[in-house]
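Here is the file final_29.cif (mmCIF, C-alpha atoms).
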data_upload
#
loop_
_atom_site.group_PDB
_atom_site.id
_atom_site.type_symbol
_atom_site.label_atom_id
_atom_site.label_comp_id
_atom_site.auth_asym_id
_atom_site.auth_seq_id
_atom_site.Cartn_x
_atom_site.Cartn_y
_atom_site.Cartn_z
ATOM 1 C CA SER A 1 -13.515 -68.563 3.789
ATOM 2 C CA GLY A 2 -10.243 -68.432 1.877
ATOM 3 C CA GLN A 3 -7.855 -65.641 1.031
ATOM 4 C CA ALA A 4 -6.095 -65.141 -2.265
ATOM 5 C CA LYS A 5 -2.553 -63.839 -2.609
ATOM 6 C CA SER A 6 -4.042 -60.500 -3.528
ATOM 7 C CA GLY A 7 -5.734 -60.375 -0.156
ATOM 8 C CA ARG A 8 -9.211 -60.996 -1.551
ATOM 9 C CA VAL A 9 -11.381 -63.042 0.790
ATOM 10 C CA PHE A 10 -13.631 -65.566 -0.933
ATOM 11 C CA SER A 11 -16.039 -68.350 0.007
ATOM 12 C CA VAL A 12 -14.772 -71.898 -0.242
ATOM 13 C CA GLU A 13 -16.194 -75.383 0.029
ATOM 14 C CA VAL A 14 -13.912 -77.904 1.704
ATOM 15 C CA SER A 15 -14.377 -81.619 1.050
ATOM 16 C CA LEU A 16 -12.628 -84.219 3.209
ATOM 17 C CA SER A 17 -12.206 -87.815 2.052
ATOM 18 C CA PRO A 18 -10.463 -90.604 3.935
ATOM 19 C CA ILE A 19 -7.833 -92.521 1.878
ATOM 20 C CA GLN A 20 -5.693 -95.486 2.687
ATOM 21 C CA THR A 21 -1.958 -95.114 2.030
ATOM 22 C CA SER A 22 1.131 -97.115 2.809
ATOM 23 C CA ALA A 23 1.620 -94.802 5.744
ATOM 24 C CA GLY A 24 -1.841 -95.591 7.009
ATOM 25 C CA GLN A 25 -5.175 -93.885 6.699
ATOM 26 C CA GLN A 26 -4.914 -90.293 5.609
ATOM 27 C CA VAL A 27 -7.431 -87.548 4.833
ATOM 28 C CA ALA A 28 -7.509 -85.868 1.445
ATOM 29 C CA ALA A 29 -8.841 -82.342 1.405
ATOM 30 C CA SER A 30 -10.079 -80.437 -1.619
ATOM 31 C CA VAL A 31 -10.869 -76.745 -1.602
ATOM 32 C CA ARG A 32 -13.172 -75.194 -4.176
ATOM 33 C CA ASP A 33 -13.944 -71.519 -4.749
ATOM 34 C CA ILE A 34 -17.736 -71.122 -4.464
ATOM 35 C CA THR A 35 -17.835 -67.346 -4.580
ATOM 36 C CA GLU A 36 -19.945 -67.339 -7.745
ATOM 37 C CA ARG A 37 -22.390 -69.870 -6.312
ATOM 38 C CA LYS A 38 -22.737 -67.836 -3.116
ATOM 39 C CA LEU A 39 -23.445 -64.718 -5.162
ATOM 40 C CA VAL A 40 -26.174 -66.567 -7.062
ATOM 41 C CA GLU A 41 -27.651 -67.848 -3.803
ATOM 42 C CA GLU A 42 -27.613 -64.343 -2.349
ATOM 43 C CA GLU A 43 -29.311 -62.952 -5.449
ATOM 44 C CA LEU A 44 -31.978 -65.652 -5.244
ATOM 45 C CA PHE A 45 -32.495 -64.841 -1.569
ATOM 46 C CA GLN A 46 -32.926 -61.151 -2.357
ATOM 47 C CA GLN A 47 -35.403 -61.951 -5.124
ATOM 48 C CA ARG A 48 -37.406 -64.139 -2.743
ATOM 49 C CA GLU A 49 -37.488 -61.357 -0.171
ATOM 50 C CA ILE A 50 -38.725 -58.916 -2.801
ATOM 51 C CA LEU A 51 -41.407 -61.403 -3.861
ATOM 52 C CA ARG A 52 -42.427 -61.955 -0.244
ATOM 53 C CA ASN A 53 -42.703 -58.191 0.367
ATOM 54 C CA VAL A 54 -44.813 -57.793 -2.780
ATOM 55 C CA LEU A 55 -47.120 -60.646 -1.735
ATOM 56 C CA ASP A 56 -47.516 -59.225 1.765
ATOM 57 C CA SER A 57 -48.407 -55.806 0.352
ATOM 58 C CA VAL A 58 -51.632 -57.044 -1.265
ATOM 59 C CA SER A 59 -54.850 -57.322 0.709
ATOM 60 C CA GLN A 60 -55.725 -60.840 -0.463
ATOM 61 C CA GLY A 61 -54.354 -64.099 0.812
ATOM 62 C CA ILE A 62 -52.152 -65.820 -1.786
ATOM 63 C CA VAL A 63 -50.636 -69.298 -1.807
ATOM 64 C CA LYS A 64 -48.903 -71.474 -4.397
ATOM 65 C CA TRP A 65 -48.898 -75.280 -4.132
ATOM 66 C CA SER A 66 -46.677 -77.456 -6.319
ATOM 67 C CA ALA A 67 -47.846 -80.366 -8.461
ATOM 68 C CA ASP A 68 -46.764 -82.752 -5.699
ATOM 69 C CA GLN A 69 -48.897 -80.796 -3.199
ATOM 70 C CA LYS A 70 -46.069 -78.996 -1.413
ATOM 71 C CA LEU A 71 -46.051 -75.383 -0.212
ATOM 72 C CA VAL A 72 -44.075 -73.172 -2.595
ATOM 73 C CA SER A 73 -44.878 -69.560 -1.681
ATOM 74 C CA TRP A 74 -47.438 -67.645 0.345
ATOM 75 C CA ASN A 75 -48.084 -64.358 2.123
ATOM 76 C CA ASN A 76 -48.971 -63.474 5.701
ATOM 77 C CA HIS A 77 -52.607 -62.847 4.776
ATOM 78 C CA PHE A 78 -52.967 -66.483 3.709
ATOM 79 C CA GLN A 79 -51.705 -67.678 7.080
ATOM 80 C CA HIS A 80 -53.999 -65.225 8.876
ATOM 81 C CA ILE A 81 -57.093 -66.183 6.856
ATOM 82 C CA LEU A 82 -56.681 -69.913 7.481
ATOM 83 C CA ASP A 83 -55.322 -69.232 10.999
ATOM 84 C CA LEU A 84 -52.426 -71.642 10.487
ATOM 85 C CA PRO A 85 -49.644 -72.279 13.043
ATOM 86 C CA ASP A 86 -46.210 -70.847 12.275
ATOM 87 C CA GLU A 87 -44.706 -74.338 11.960
ATOM 88 C CA PHE A 88 -46.886 -74.921 8.884
ATOM 89 C CA MET A 89 -45.312 -71.966 7.081
ATOM 90 C CA GLU A 90 -42.287 -73.693 5.576
ATOM 91 C CA GLU A 91 -41.460 -74.411 1.963
ATOM 92 C CA GLY A 92 -42.308 -77.990 1.173
ATOM 93 C CA TYR A 93 -44.984 -78.329 3.840
ATOM 94 C CA SER A 94 -47.723 -80.779 2.887
ATOM 95 C CA LEU A 95 -51.084 -79.634 1.521
ATOM 96 C CA LYS A 96 -52.546 -82.817 3.017
ATOM 97 C CA LYS A 97 -51.501 -81.788 6.535
ATOM 98 C CA VAL A 98 -52.872 -78.269 6.096
ATOM 99 C CA SER A 99 -56.177 -79.538 4.670
ATOM 100 C CA LYS A 100 -56.594 -82.091 7.436
ATOM 101 C CA PHE A 101 -55.848 -79.450 10.083
ATOM 102 C CA VAL A 102 -58.521 -77.152 8.630
ATOM 103 C CA ALA A 103 -60.993 -80.049 8.268
ATOM 104 C CA GLU A 104 -60.500 -81.155 11.885
ATOM 105 C CA ARG A 105 -61.261 -77.591 12.945
ATOM 106 C CA GLY A 106 -64.633 -77.825 11.200
ATOM 107 C CA ASP A 107 -64.126 -75.293 8.386
ATOM 108 C CA TYR A 108 -65.022 -77.892 5.740
ATOM 109 C CA GLY A 109 -68.265 -78.851 7.451
ATOM 110 C CA GLU A 110 -69.323 -82.004 9.226
ATOM 111 C CA GLY A 111 -67.919 -85.411 8.353
ATOM 112 C CA ASP A 112 -64.756 -87.464 8.534
ATOM 113 C CA PRO A 113 -61.783 -85.001 8.503
ATOM 114 C CA GLU A 114 -59.667 -87.396 6.430
ATOM 115 C CA GLU A 115 -62.336 -87.721 3.758
ATOM 116 C CA LEU A 116 -63.130 -83.993 3.796
ATOM 117 C CA ALA A 117 -59.434 -83.149 3.404
ATOM 118 C CA ASN A 118 -58.993 -85.614 0.516
ATOM 119 C CA ASN A 119 -62.071 -84.228 -1.262
ATOM 120 C CA ARG A 120 -60.797 -80.666 -0.902
ATOM 121 C CA ILE A 121 -57.346 -81.591 -2.226
ATOM 122 C CA GLU A 122 -58.876 -83.442 -5.185
ATOM 123 C CA PHE A 123 -60.952 -80.370 -6.004
ATOM 124 C CA LEU A 124 -58.000 -77.971 -5.701
ATOM 125 C CA MET A 125 -55.604 -80.077 -7.775
ATOM 126 C CA ARG A 126 -57.990 -81.043 -10.598
ATOM 127 C CA GLY A 127 -56.283 -78.604 -12.969
ATOM 128 C CA LYS A 128 -59.278 -76.371 -13.708
ATOM 129 C CA ALA A 129 -59.666 -72.650 -13.094
ATOM 130 C CA SER A 130 -62.656 -71.917 -10.902
ATOM 131 C CA ARG A 131 -64.078 -69.674 -8.170
ATOM 132 C CA ILE A 132 -65.803 -70.780 -4.992
ATOM 133 C CA GLU A 133 -66.980 -69.222 -1.764
ATOM 134 C CA ALA A 134 -65.485 -70.464 1.478
ATOM 135 C CA THR A 135 -65.982 -69.548 5.129
ATOM 136 C CA PHE A 136 -63.094 -69.447 7.574
ATOM 137 C CA GLY A 137 -64.018 -68.409 11.089
ATOM 138 C CA GLU A 138 -66.652 -65.681 10.826
ATOM 139 C CA ASN A 139 -65.529 -64.362 7.443
ATOM 140 C CA ILE A 140 -66.547 -65.281 3.901
ATOM 141 C CA TYR A 141 -64.022 -65.384 1.054
ATOM 142 C CA ASP A 142 -64.093 -65.508 -2.714
ATOM 143 C CA VAL A 143 -61.510 -68.186 -3.563
ATOM 144 C CA ASP A 144 -59.939 -67.977 -7.039
ATOM 145 C CA LEU A 145 -58.187 -71.142 -8.254
ATOM 146 C CA GLN A 146 -55.678 -70.779 -11.109
ATOM 147 C CA PRO A 147 -53.765 -73.854 -12.326
ATOM 148 C CA ALA A 148 -50.068 -73.290 -13.084
ATOM 149 C CA GLU A 149 -48.199 -74.597 -16.126
ATOM 150 C CA ASP A 150 -46.006 -76.737 -13.869
ATOM 151 C CA GLY A 151 -49.070 -78.627 -12.603
ATOM 152 C CA GLY A 152 -49.346 -76.675 -9.383
ATOM 153 C CA ILE A 153 -52.094 -74.314 -8.283
ATOM 154 C CA THR A 154 -52.184 -70.654 -7.244
ATOM 155 C CA ILE A 155 -55.029 -69.720 -4.901
ATOM 156 C CA THR A 156 -56.189 -66.190 -4.042
ATOM 157 C CA TYR A 157 -58.506 -65.474 -1.103
ATOM 158 C CA SER A 158 -60.502 -62.203 -1.245
ATOM 159 C CA GLU A 159 -62.733 -61.312 1.709
ATOM 160 C CA ILE A 160 -66.353 -60.622 0.699
ATOM 161 C CA THR A 161 -67.983 -60.728 4.145
ATOM 162 C CA ASP A 162 -69.381 -57.181 3.979
ATOM 163 C CA ARG A 163 -70.630 -57.683 0.426
ATOM 164 C CA LYS A 164 -72.432 -60.906 1.332
ATOM 165 C CA ARG A 165 -74.031 -59.238 4.347
ATOM 166 C CA MET A 166 -75.219 -56.380 2.142
ATOM 167 C CA GLU A 167 -76.680 -58.898 -0.311
ATOM 168 C CA VAL A 168 -78.543 -60.609 2.530
ATOM 169 C CA ASP A 169 -79.782 -57.253 3.831
ATOM 170 C CA LEU A 170 -81.001 -56.323 0.333
ATOM 171 C CA VAL A 171 -82.892 -59.616 0.019
ATOM 172 C CA VAL A 172 -84.492 -59.107 3.444
ATOM 173 C CA SER A 173 -85.413 -55.503 2.588
ATOM 174 C CA LYS A 174 -86.900 -56.607 -0.753
ATOM 175 C CA GLU A 175 -88.953 -59.328 0.937
ATOM 176 C CA LYS A 176 -90.223 -56.845 3.525
ATOM 177 C CA ALA A 177 -91.144 -54.323 0.816
ATOM 178 C CA GLU A 178 -92.954 -56.996 -1.206
ATOM 179 C CA ALA A 179 -94.819 -58.161 1.902
ATOM 180 C CA ALA A 180 -95.820 -54.566 2.715
ATOM 181 C CA THR A 181 -97.018 -53.997 -0.873
ATOM 182 C CA LYS A 182 -99.023 -57.226 -0.783
ATOM 183 C CA ALA A 183 -100.578 -56.297 2.565
ATOM 184 C CA LYS A 184 -101.436 -52.835 1.252
ATOM 185 C CA ALA A 185 -103.062 -54.274 -1.868
ATOM 186 C CA SER A 186 -105.043 -56.760 0.213
ATOM 187 C CA PHE A 187 -106.174 -54.002 2.565
ATOM 188 C CA LEU A 188 -107.253 -51.730 -0.290
ATOM 189 C CA ALA A 189 -109.128 -54.555 -2.006
ATOM 190 C CA SER A 190 -110.948 -55.367 1.228
ATOM 191 C CA MET A 191 -111.740 -51.734 1.970
ATOM 192 C CA SER A 192 -112.900 -51.147 -1.612
ATOM 193 C CA HIS A 193 -115.381 -53.988 -1.257
ATOM 194 C CA GLU A 194 -116.559 -52.739 2.137
ATOM 195 C CA ILE A 195 -117.113 -49.222 0.792
ATOM 196 C CA ARG A 196 -118.483 -50.152 -2.645
ATOM 197 C CA THR A 197 -121.434 -52.177 -1.354
ATOM 198 C CA PRO A 198 -123.057 -49.458 0.816
ATOM 199 C CA MET A 199 -122.100 -46.747 -1.689
ATOM 200 C CA ASN A 200 -123.962 -48.596 -4.455
ATOM 201 C CA GLY A 201 -126.958 -48.582 -2.129
ATOM 202 C CA VAL A 202 -126.645 -44.839 -1.550
ATOM 203 C CA VAL A 203 -126.398 -44.062 -5.292
ATOM 204 C CA GLY A 204 -129.261 -46.446 -6.091
ATOM 205 C CA MET A 205 -131.532 -44.893 -3.511
ATOM 206 C CA ALA A 206 -130.616 -41.437 -4.821
ATOM 207 C CA ASP A 207 -131.665 -42.523 -8.315
ATOM 208 C CA LEU A 208 -134.983 -43.803 -6.967
ATOM 209 C CA LEU A 209 -135.479 -40.655 -4.924
ATOM 210 C CA SER A 210 -134.930 -38.513 -8.046
ATOM 211 C CA GLN A 211 -138.030 -40.064 -9.578
ATOM 212 C CA THR A 212 -140.254 -38.659 -6.811
ATOM 213 C CA SER A 213 -141.730 -35.172 -6.449
ATOM 214 C CA LEU A 214 -138.989 -32.869 -5.156
ATOM 215 C CA ASP A 215 -138.676 -29.113 -4.906
ATOM 216 C CA ASP A 216 -135.726 -27.303 -6.465
ATOM 217 C CA ASP A 217 -133.538 -27.329 -3.290
ATOM 218 C CA GLN A 218 -134.105 -31.041 -2.797
ATOM 219 C CA VAL A 219 -133.134 -31.748 -6.411
ATOM 220 C CA ILE A 220 -129.878 -29.810 -5.948
ATOM 221 C CA MET A 221 -129.046 -31.713 -2.746
ATOM 222 C CA LEU A 222 -129.994 -35.038 -4.316
ATOM 223 C CA ASN A 223 -127.767 -34.397 -7.343
ATOM 224 C CA THR A 224 -124.897 -33.513 -5.011
ATOM 225 C CA ILE A 225 -125.352 -36.816 -3.152
ATOM 226 C CA ARG A 226 -125.547 -38.792 -6.376
ATOM 227 C CA ASP A 227 -122.568 -37.061 -8.048
ATOM 228 C CA SER A 228 -120.417 -37.448 -4.925
ATOM 229 C CA GLY A 229 -121.339 -41.120 -4.650
ATOM 230 C CA ASN A 230 -120.520 -41.785 -8.304
ATOM 231 C CA SER A 231 -117.182 -39.955 -7.958
ATOM 232 C CA LEU A 232 -116.262 -42.076 -4.932
ATOM 233 C CA LEU A 233 -117.240 -45.268 -6.801
ATOM 234 C CA THR A 234 -115.010 -44.194 -9.700
ATOM 235 C CA VAL A 235 -112.061 -43.806 -7.291
ATOM 236 C CA ILE A 236 -112.763 -47.173 -5.654
ATOM 237 C CA ASN A 237 -113.085 -48.987 -8.975
#

Is it possible to give me this structure as structure tokens?
Amino acid sequence: SGQAKSGRVFSVEVSLSPIQTSAGQQVAASVRDITERKLVEEELFQQREILRNVLDSVSQGIVKWSADQKLVSWNNHFQHILDLPDEFMEEGYSLKKVSKFVAERGDYGEGDPEELANNRIEFLMRGKASRIEATFGENIYDVDLQPAEDGGITITYSEITDRKRMEVDLVVSKEKAEAATKAKASFLASMSHEIRTPMNGVVGMADLLSQTSLDDDQVIMLNTIRDSGNSLLTVIN
């Protein structure tokens, strides 16, 4: 720091350069007021802190990678989702190292970790907006890829584990309901056949019996048998 005649304290940058003089080697010193630069740096720092707080306030994981595959910005949810070590969370950290770490852990499936990591990086950096599903640990995420104008990529991770489980449960419930309906239809068709055959015999015999000599009471009872049989056949058919 330096101090002006007015008493104002300001930031300075001191440069020392060795020079050769007739009196021998000397050191030349230059002092430059960098107060304005320090104010700009402080403002940039404050803006980054605000951005970081905003990113951490959202429920999704968010990360930005530069065109040369370096870490630019991220939030805590991103680190938590991918379960990354703290030493990875530095500006400029390599996407290749992160991808290989995740591949070696098995999150990209079976295969050579180097090849899996390279394939994932190629997919991420291809410059096309897209959405994929990815599993990290026991959770499933909707991954939204949005290319940036500078050639980088912004990735958002939204957890959809509960939704996917509900979808699976709905499919299972639908399959069970369809199986139950099919079994019911098969049962009814079988029972209809089993009942129709003897009932046709009953109605046929009643028709034959009606052609014989019957008293009035027998005719009434026979008609009841025949009408009931025909009604049941109508229901079955």

>> the PyMOL selection byres ((chain A and resi 95-101) around 12) - which residues does that actually catch in the file I just gave you? List them as number ranges by chain.
In response: A: 63-72, 79, 82-94, 102-108, 111-125, 152-153

>> Which residues are close to Asp144 in chain A, i.e. within 9 Å by only C-alpha atoms, leaving aside same-chain residues fewer than 5 positions away? Reply as a PyMOL selection string.
In response: chain A and resi 129-133+154-158

> Expressed in Å to a single decimal, how great is the separation between CA of Ile160 in chain A and CA of Gly137 in chain A?
Replying inline: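 Those two atoms sit 13.2 Å apart.
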
> Can you tell me, as a count of residues only, what residues are no more than 8 Å from range 221-232 of chain A when counting all atoms listed in the file, ignoring any on the same chain fewer than 6 positions away?
Replying inline: 8

> Which residue out of A:Val58, A:Leu214, A:Val9, A:Ile236 has the minimum interatomic distance to His193 in chain A when all atoms listed in the file are used?
Replying inline: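 Of all the options, A:Ile236 lies closest to His193 in chain A.
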
> What is the distance, in Å and to one decimal place, between CA of Ile62 in chain A and CA of Asn76 in chain A?
Replying inline: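 Taking CA of Ile62 in chain A and CA of Asn76 in chain A, their separation equals 8.5 Å.
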
On this file, the PyMOL selection byres ((chain A and resi 164-177) around 12) gives some set of residues; write that set as a PDB file with C-alpha atoms, in the frame of the given file.
ATOM      1  CA  GLU A 133     -66.980 -69.222  -1.764  1.00  0.00           C
ATOM      2  CA  ALA A 134     -65.485 -70.464   1.478  1.00  0.00           C
ATOM      3  CA  THR A 135     -65.982 -69.548   5.129  1.00  0.00           C
ATOM      4  CA  GLU A 138     -66.652 -65.681  10.826  1.00  0.00           C
ATOM      5  CA  ASN A 139     -65.529 -64.362   7.443  1.00  0.00           C
ATOM      6  CA  ILE A 140     -66.547 -65.281   3.901  1.00  0.00           C
ATOM      7  CA  TYR A 141     -64.022 -65.384   1.054  1.00  0.00           C
ATOM      8  CA  ASP A 142     -64.093 -65.508  -2.714  1.00  0.00           C
ATOM      9  CA  GLU A 159     -62.733 -61.312   1.709  1.00  0.00           C
ATOM     10  CA  ILE A 160     -66.353 -60.622   0.699  1.00  0.00           C
ATOM     11  CA  THR A 161     -67.983 -60.728   4.145  1.00  0.00           C
ATOM     12  CA  ASP A 162     -69.381 -57.181   3.979  1.00  0.00           C
ATOM     13  CA  ARG A 163     -70.630 -57.683   0.426  1.00  0.00           C
ATOM     14  CA  GLU A 178     -92.954 -56.996  -1.206  1.00  0.00           C
ATOM     15  CA  ALA A 179     -94.819 -58.161   1.902  1.00  0.00           C
ATOM     16  CA  ALA A 180     -95.820 -54.566   2.715  1.00  0.00           C
ATOM     17  CA  THR A 181     -97.018 -53.997  -0.873  1.00  0.00           C
ATOM     18  CA  LYS A 182     -99.023 -57.226  -0.783  1.00  0.00           C
ATOM     19  CA  ALA A 183    -100.578 -56.297   2.565  1.00  0.00           C
ATOM     20  CA  LYS A 184    -101.436 -52.835   1.252  1.00  0.00           C
TER      21      LYS A 184
END

> Do you know which residues are at most 6 Å from Thr35 in chain A counting only C-alpha atoms, after dropping those on the same chain fewer than 2 positions away, and could you put them as a ChimeraX atom specification?
Replying inline: /A:10-11,33,37-38

> Rounded to one decimal in Å, what is the spacing between CA of Glu41 in chain A and CA of Gly61 in chain A?
Replying inline: 27.4 Å

Report, as JSON, the centre and edge lengths in Å (one decimal) of the axis-aligned box enclosing every listed atom of range 12-25 of chain A, padded by 8 Å on each side.
{"center_x": -7.3, "center_y": -84.5, "center_z": 3.4, "size_x": 33.8, "size_y": 41.2, "size_z": 23.3}

Considering only C-alpha atoms, return as a CSV table (one decimal) with C-alpha atoms, in the coordinates of the input whatever protein or nucleic-acid residues lie within 9 Å of Arg32 in chain A, sequence-local ones (same chain, fewer than 6 positions apart) excluded.
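What landed in selection_5.csv:
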chain,number,residue,atom,x,y,z
A,11,SER,CA,-16.0,-68.4,0.0
A,12,VAL,CA,-14.8,-71.9,-0.2
A,13,GLU,CA,-16.2,-75.4,0.0
A,14,VAL,CA,-13.9,-77.9,1.7
A,15,SER,CA,-14.4,-81.6,1.0

> So which one's closest to Ile81 in chain A, A:Met191, A:Thr234, A:Gln60, A:Gln47? Using only C-alpha atoms, please.
Replying inline: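 Ranked by minimum distance to Ile81 in chain A, first place goes to A:Gln60.
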
> Which one of A:Val143, A:Val219, A:Asn75, A:Ser213 sits closest to Ser59 in chain A if you count only C-alpha atoms?
Replying inline: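 The closest residue to Ser59 in chain A is A:Asn75.
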